[in-house]
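Participant: Data file entry38.cif (mmCIF, C-alpha atoms and all ligand atoms) is appended below.
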```
data_start
loop_
_atom_site.group_PDB
_atom_site.id
_atom_site.type_symbol
_atom_site.label_atom_id
_atom_site.label_comp_id
_atom_site.auth_asym_id
_atom_site.auth_seq_id
_atom_site.Cartn_x
_atom_site.Cartn_y
_atom_site.Cartn_z
ATOM 1 C CA MET A 119 11.910 15.133 -4.244
ATOM 2 C CA LYS A 120 11.505 12.024 -2.118
ATOM 3 C CA SER A 121 9.050 13.775 0.206
ATOM 4 C CA VAL A 122 6.974 14.994 -2.760
ATOM 5 C CA ARG A 123 6.759 11.416 -4.006
ATOM 6 C CA LYS A 124 5.707 10.291 -0.514
ATOM 7 C CA ILE A 125 2.955 12.923 -0.446
ATOM 8 C CA PHE A 126 1.659 11.801 -3.861
ATOM 9 C CA GLN A 127 1.774 8.180 -2.699
ATOM 10 C CA PHE A 128 -0.162 9.112 0.464
ATOM 11 C CA VAL A 129 -2.816 11.008 -1.526
ATOM 12 C CA ASN A 130 -3.091 8.116 -3.993
ATOM 13 C CA ASN A 131 -3.473 5.566 -1.182
ATOM 14 C CA VAL A 132 -6.156 7.640 0.550
ATOM 15 C CA TYR A 133 -7.952 8.302 -2.741
ATOM 16 C CA SER A 134 -7.922 4.617 -3.694
ATOM 17 C CA GLU A 135 -9.049 3.643 -0.136
ATOM 18 C CA LYS A 136 -6.131 1.248 0.451
ATOM 19 C CA CYS A 137 -5.151 -0.351 3.745
ATOM 20 C CA PRO A 138 -2.472 1.695 5.596
ATOM 21 C CA SER A 139 -0.484 -1.433 6.435
ATOM 22 C CA CYS A 140 -0.154 -3.381 3.164
ATOM 23 C CA LYS A 141 -1.545 -0.855 0.631
ATOM 24 C CA GLN A 142 -3.342 -3.708 -1.165
ATOM 25 C CA GLY A 143 -6.612 -4.419 0.647
ATOM 26 C CA TYR A 144 -9.508 -1.983 0.715
ATOM 27 C CA ALA A 145 -10.707 -0.196 3.835
ATOM 28 C CA PHE A 146 -14.308 0.314 2.704
ATOM 29 C CA LYS A 147 -16.858 -2.127 1.322
ATOM 30 C CA LYS A 148 -17.522 -1.669 -2.378
ATOM 31 C CA GLY A 149 -20.937 -1.292 -3.946
ATOM 32 C CA THR A 150 -22.778 0.598 -1.215
ATOM 33 C CA LYS A 151 -25.885 2.516 -2.187
ATOM 34 C CA LEU A 152 -25.588 6.120 -3.381
ATOM 35 C CA PHE A 153 -27.008 7.806 -0.287
ATOM 36 C CA ALA A 154 -25.969 5.184 2.283
ATOM 37 C CA VAL A 155 -23.254 5.863 4.859
ATOM 38 C CA PRO A 156 -20.075 4.096 3.663
ATOM 39 C CA GLU A 157 -19.381 0.838 5.486
ATOM 40 C CA MET A 158 -15.860 0.126 6.647
ATOM 41 C CA ASN A 159 -14.430 -3.381 6.574
ATOM 42 C CA VAL A 160 -13.626 -4.826 9.992
ATOM 43 C CA ALA A 161 -10.167 -5.941 8.866
ATOM 44 C CA CYS A 162 -8.064 -5.805 5.715
ATOM 45 C CA ASP A 163 -8.686 -8.669 3.280
ATOM 46 C CA ALA A 164 -4.990 -8.958 2.432
ATOM 47 C CA CYS A 165 -3.159 -8.537 5.771
ATOM 48 C CA GLN A 166 -5.927 -8.683 8.436
ATOM 49 C CA TYR A 167 -5.035 -5.185 9.683
ATOM 50 C CA LYS A 168 -7.840 -4.228 12.064
ATOM 51 C CA PHE A 169 -9.263 -0.860 10.993
ATOM 52 C CA GLU A 170 -11.328 0.085 14.052
ATOM 53 C CA ARG A 171 -9.166 -0.624 17.079
ATOM 54 C CA GLU A 172 -11.725 0.330 19.709
ATOM 55 C CA PRO A 173 -15.227 1.823 19.883
ATOM 56 C CA GLY A 174 -15.069 5.540 19.190
ATOM 57 C CA TYR A 175 -11.660 5.337 17.554
ATOM 58 C CA PHE A 176 -12.762 7.447 14.590
ATOM 59 C CA ILE A 177 -14.131 10.367 16.620
ATOM 60 C CA GLY A 178 -10.831 12.136 15.927
ATOM 61 C CA ALA A 179 -11.541 11.813 12.199
ATOM 62 C CA MET A 180 -14.299 14.405 12.640
ATOM 63 C CA TYR A 181 -11.641 17.106 12.969
ATOM 64 C CA ILE A 182 -10.122 16.025 9.661
ATOM 65 C CA SER A 183 -13.567 15.951 8.049
ATOM 66 C CA TYR A 184 -14.168 19.479 9.350
ATOM 67 C CA GLY A 185 -10.884 20.650 7.823
ATOM 68 C CA LEU A 186 -11.639 18.987 4.486
ATOM 69 C CA SER A 187 -15.132 20.466 4.237
ATOM 70 C CA THR A 188 -13.864 23.929 5.242
ATOM 71 C CA PHE A 189 -11.226 23.727 2.517
ATOM 72 C CA GLN A 190 -13.855 22.649 -0.039
ATOM 73 C CA ALA A 191 -16.196 25.462 1.004
ATOM 74 C CA ILE A 192 -13.402 28.027 0.611
ATOM 75 C CA VAL A 193 -12.475 26.648 -2.830
ATOM 76 C CA ALA A 194 -16.166 26.688 -3.872
ATOM 77 C CA TYR A 195 -16.489 30.285 -2.649
ATOM 78 C CA LEU A 196 -13.348 31.450 -4.461
ATOM 79 C CA LEU A 197 -14.206 29.672 -7.726
ATOM 80 C CA THR A 198 -17.795 30.919 -7.728
ATOM 81 C CA ASN A 199 -16.717 34.454 -6.884
ATOM 82 C CA MET A 200 -14.038 34.384 -9.578
ATOM 83 C CA LEU A 201 -16.303 32.969 -12.303
ATOM 84 C CA TRP A 202 -19.443 34.892 -11.324
ATOM 85 C CA PRO A 203 -18.527 38.089 -9.409
ATOM 86 C CA SER A 204 -22.056 39.575 -9.330
ATOM 87 C CA ILE A 205 -23.715 36.506 -7.762
ATOM 88 C CA SER A 206 -26.207 37.014 -4.920
ATOM 89 C CA ILE A 207 -25.301 35.894 -1.406
ATOM 90 C CA ALA A 208 -28.197 33.399 -1.294
ATOM 91 C CA LEU A 209 -27.099 31.684 -4.493
ATOM 92 C CA LEU A 210 -23.470 31.688 -3.352
ATOM 93 C CA LEU A 211 -24.472 30.010 -0.082
ATOM 94 C CA GLY A 212 -26.573 27.515 -2.064
ATOM 95 C CA ILE A 213 -23.605 26.607 -4.262
ATOM 96 C CA ILE A 214 -21.336 26.190 -1.226
ATOM 97 C CA THR A 215 -23.964 24.024 0.498
ATOM 98 C CA MET A 216 -24.366 21.864 -2.618
ATOM 99 C CA THR A 217 -20.590 21.426 -2.770
ATOM 100 C CA LEU A 218 -20.517 20.265 0.853
ATOM 101 C CA VAL A 219 -23.422 17.861 0.305
ATOM 102 C CA LEU A 220 -21.778 16.414 -2.805
ATOM 103 C CA PHE A 221 -18.492 15.826 -0.971
ATOM 104 C CA ALA A 222 -20.041 14.545 2.298
ATOM 105 C CA LYS A 223 -19.700 10.846 1.510
ATOM 106 C CA LEU A 224 -16.154 11.239 0.182
ATOM 107 C CA ASN A 225 -15.177 13.355 3.196
ATOM 108 C CA PHE A 226 -16.394 10.607 5.517
ATOM 109 C CA LYS A 227 -14.107 8.099 3.796
ATOM 110 C CA TRP A 228 -11.139 10.422 3.327
ATOM 111 C CA ALA A 229 -11.232 11.647 6.937
ATOM 112 C CA ARG A 230 -11.176 8.105 8.333
ATOM 113 C CA LEU A 231 -8.409 7.032 5.968
ATOM 114 C CA ILE A 232 -6.263 10.093 6.694
ATOM 115 C CA TYR A 233 -6.804 9.451 10.411
ATOM 116 C CA ILE A 234 -5.692 5.822 10.074
ATOM 117 C CA TYR A 235 -2.640 6.880 8.070
ATOM 118 C CA ILE A 236 -1.698 9.490 10.686
ATOM 119 C CA PHE A 237 -2.165 7.090 13.619
ATOM 120 C CA PRO A 238 -1.254 3.562 12.414
ATOM 121 C CA TRP A 239 -0.813 0.616 14.816
HETATM 122 ZN ZN ZN B 301 -3.802 -4.604 4.572
#
```
Take the structure in the file and give it back as structure tokens.
Ligand SMILES: [Zn+2]
Facilitator:
Amino acid sequence: MKSVRKIFQFVNNVYSEKCPSCKQGYAFKKGTKLFAVPEMNVACDACQYKFEREPGYFIGAMYISYGLSTFQAIVAYLLTNMLWPSISIALLLGIITMTLVLFAKLNFKWARLIYIYIFPW
């Protein structure tokens, strides 16, 4: 039961973009434009935890982003196939592509946050 609570806490912290150290400050700047790449804060406002330790630190987050987008594509495929079994391949691919485009900005943030939570200071 304790581990389930920890998993929910982890998902909540990643979803709410909280600092991995103090869980109070925010990792990303708020109010960025809709199609702009999300900007990460240099350090936490509350505890001064440095988010990017060295140049290229977040390259490993690409693997997490790949996993997230693969999972989303599979879920989009299964849902579309379940709700609309006679759909054409082209439309199915279009729906999967739209799903990936819609989640791209969130995946960028989630992948970096999950990476920070996996490899803290
Ligand atoms: Zn903090």
Participant: Pick out the residues no farther than 9 Å from ligand ZN 301 (chain B), counting only C-alpha atoms and all ligand atoms, and list them as a list in words.
Facilitator: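 These are the residues that qualify: Lys136, Cys137, Pro138, Ser139, Cys140, Lys141, Gln142, Gly143, Tyr144, Ala145, Ala161, Cys162, Asp163, Ala164, Cys165, Gln166, Tyr167 and Lys168 of chain A.
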Participant: May I have the residues within 8 Å of Ile232 (chain A) as a PyMOL selection string, using all atoms listed in the file and disregarding those fewer than 5 positions away in the same chain?
Facilitator: chain A and resi 132+179+182
Participant: Rounded to one decimal, what separation in Å do you get between CA of Leu218 (chain A) and CA of Ala154 (chain A)?
Facilitator: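 Those two atoms sit 16.1 Å apart.
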Participant: Skip Thr188 (chain A) itself and residues of its chain fewer than 4 positions away, then list as a list in words all residues within 12 Å of it, counting all atoms listed in the file.
Facilitator: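 Skipping anything fewer than 4 positions along the chain leaves Tyr181, Ile182, Ser183, Tyr184, Ile192, Val193, Ala194, Tyr195, Ile214, Thr215, Thr217, Leu218, Phe221, Ala222 and Asn225 of chain A.
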Participant: Between CA of Ser134 (chain A) and CA of Gly149 (chain A), what is the spacing in Å?
Facilitator: 14.3 Å
Participant: So how many Å separate CA of Ile234 (chain A) and CA of Lys124 (chain A), to one decimal?
Facilitator: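 Between CA of Ile234 (chain A) and CA of Lys124 (chain A) the gap is 16.2 Å.
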Participant: Quick one: which residues end up in the PyMOL selection byres (((chain A and resi 152) around 12) and not hetatm) for this structure, as a PDB file with C-alpha atoms, in the coordinates of the input?
Facilitator:
```
ATOM      1  CA  LYS A 148     -17.522  -1.669  -2.378  1.00  0.00           C
ATOM      2  CA  GLY A 149     -20.937  -1.292  -3.946  1.00  0.00           C
ATOM      3  CA  THR A 150     -22.778   0.598  -1.215  1.00  0.00           C
ATOM      4  CA  LYS A 151     -25.885   2.516  -2.187  1.00  0.00           C
ATOM      5  CA  PHE A 153     -27.008   7.806  -0.287  1.00  0.00           C
ATOM      6  CA  ALA A 154     -25.969   5.184   2.283  1.00  0.00           C
ATOM      7  CA  VAL A 155     -23.254   5.863   4.859  1.00  0.00           C
ATOM      8  CA  PRO A 156     -20.075   4.096   3.663  1.00  0.00           C
ATOM      9  CA  LEU A 220     -21.778  16.414  -2.805  1.00  0.00           C
ATOM     10  CA  ALA A 222     -20.041  14.545   2.298  1.00  0.00           C
ATOM     11  CA  LYS A 223     -19.700  10.846   1.510  1.00  0.00           C
ATOM     12  CA  LEU A 224     -16.154  11.239   0.182  1.00  0.00           C
TER      13      LEU A 224
END
```
Participant: Enclose the full set of atoms of region 128-131 of chain A listed in the file within a box whose edges lie along x, y and z, apply 3 Å of padding to each of the six sides, and report centre and edge lengths in Å to one decimal as AutoDock Vina command-line options.
Facilitator:
```
--center_x -1.8 --center_y 8.3 --center_z -1.8 --size_x 9.3 --size_y 11.4 --size_z 10.5
```
Participant: Please work out which residues fall within 12 Å of (-13.6, 2.3, 15.3), coordinates as given in the file, with only C-alpha atoms counting, and return them as a VMD selection string.
Facilitator: chain A and resid 157 to 161 168 to 179 230 to 231 233 to 234
Participant: Identify which of the residues A:Met180, A:Val122, A:Ala191, A:Ile236 lies closest to Val219 (chain A), counting only C-alpha atoms when measuring atom-to-atom distances.
Facilitator: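 Nearest candidate to Val219 (chain A) out of A:Met180, A:Val122, A:Ala191, A:Ile236: A:Ala191.
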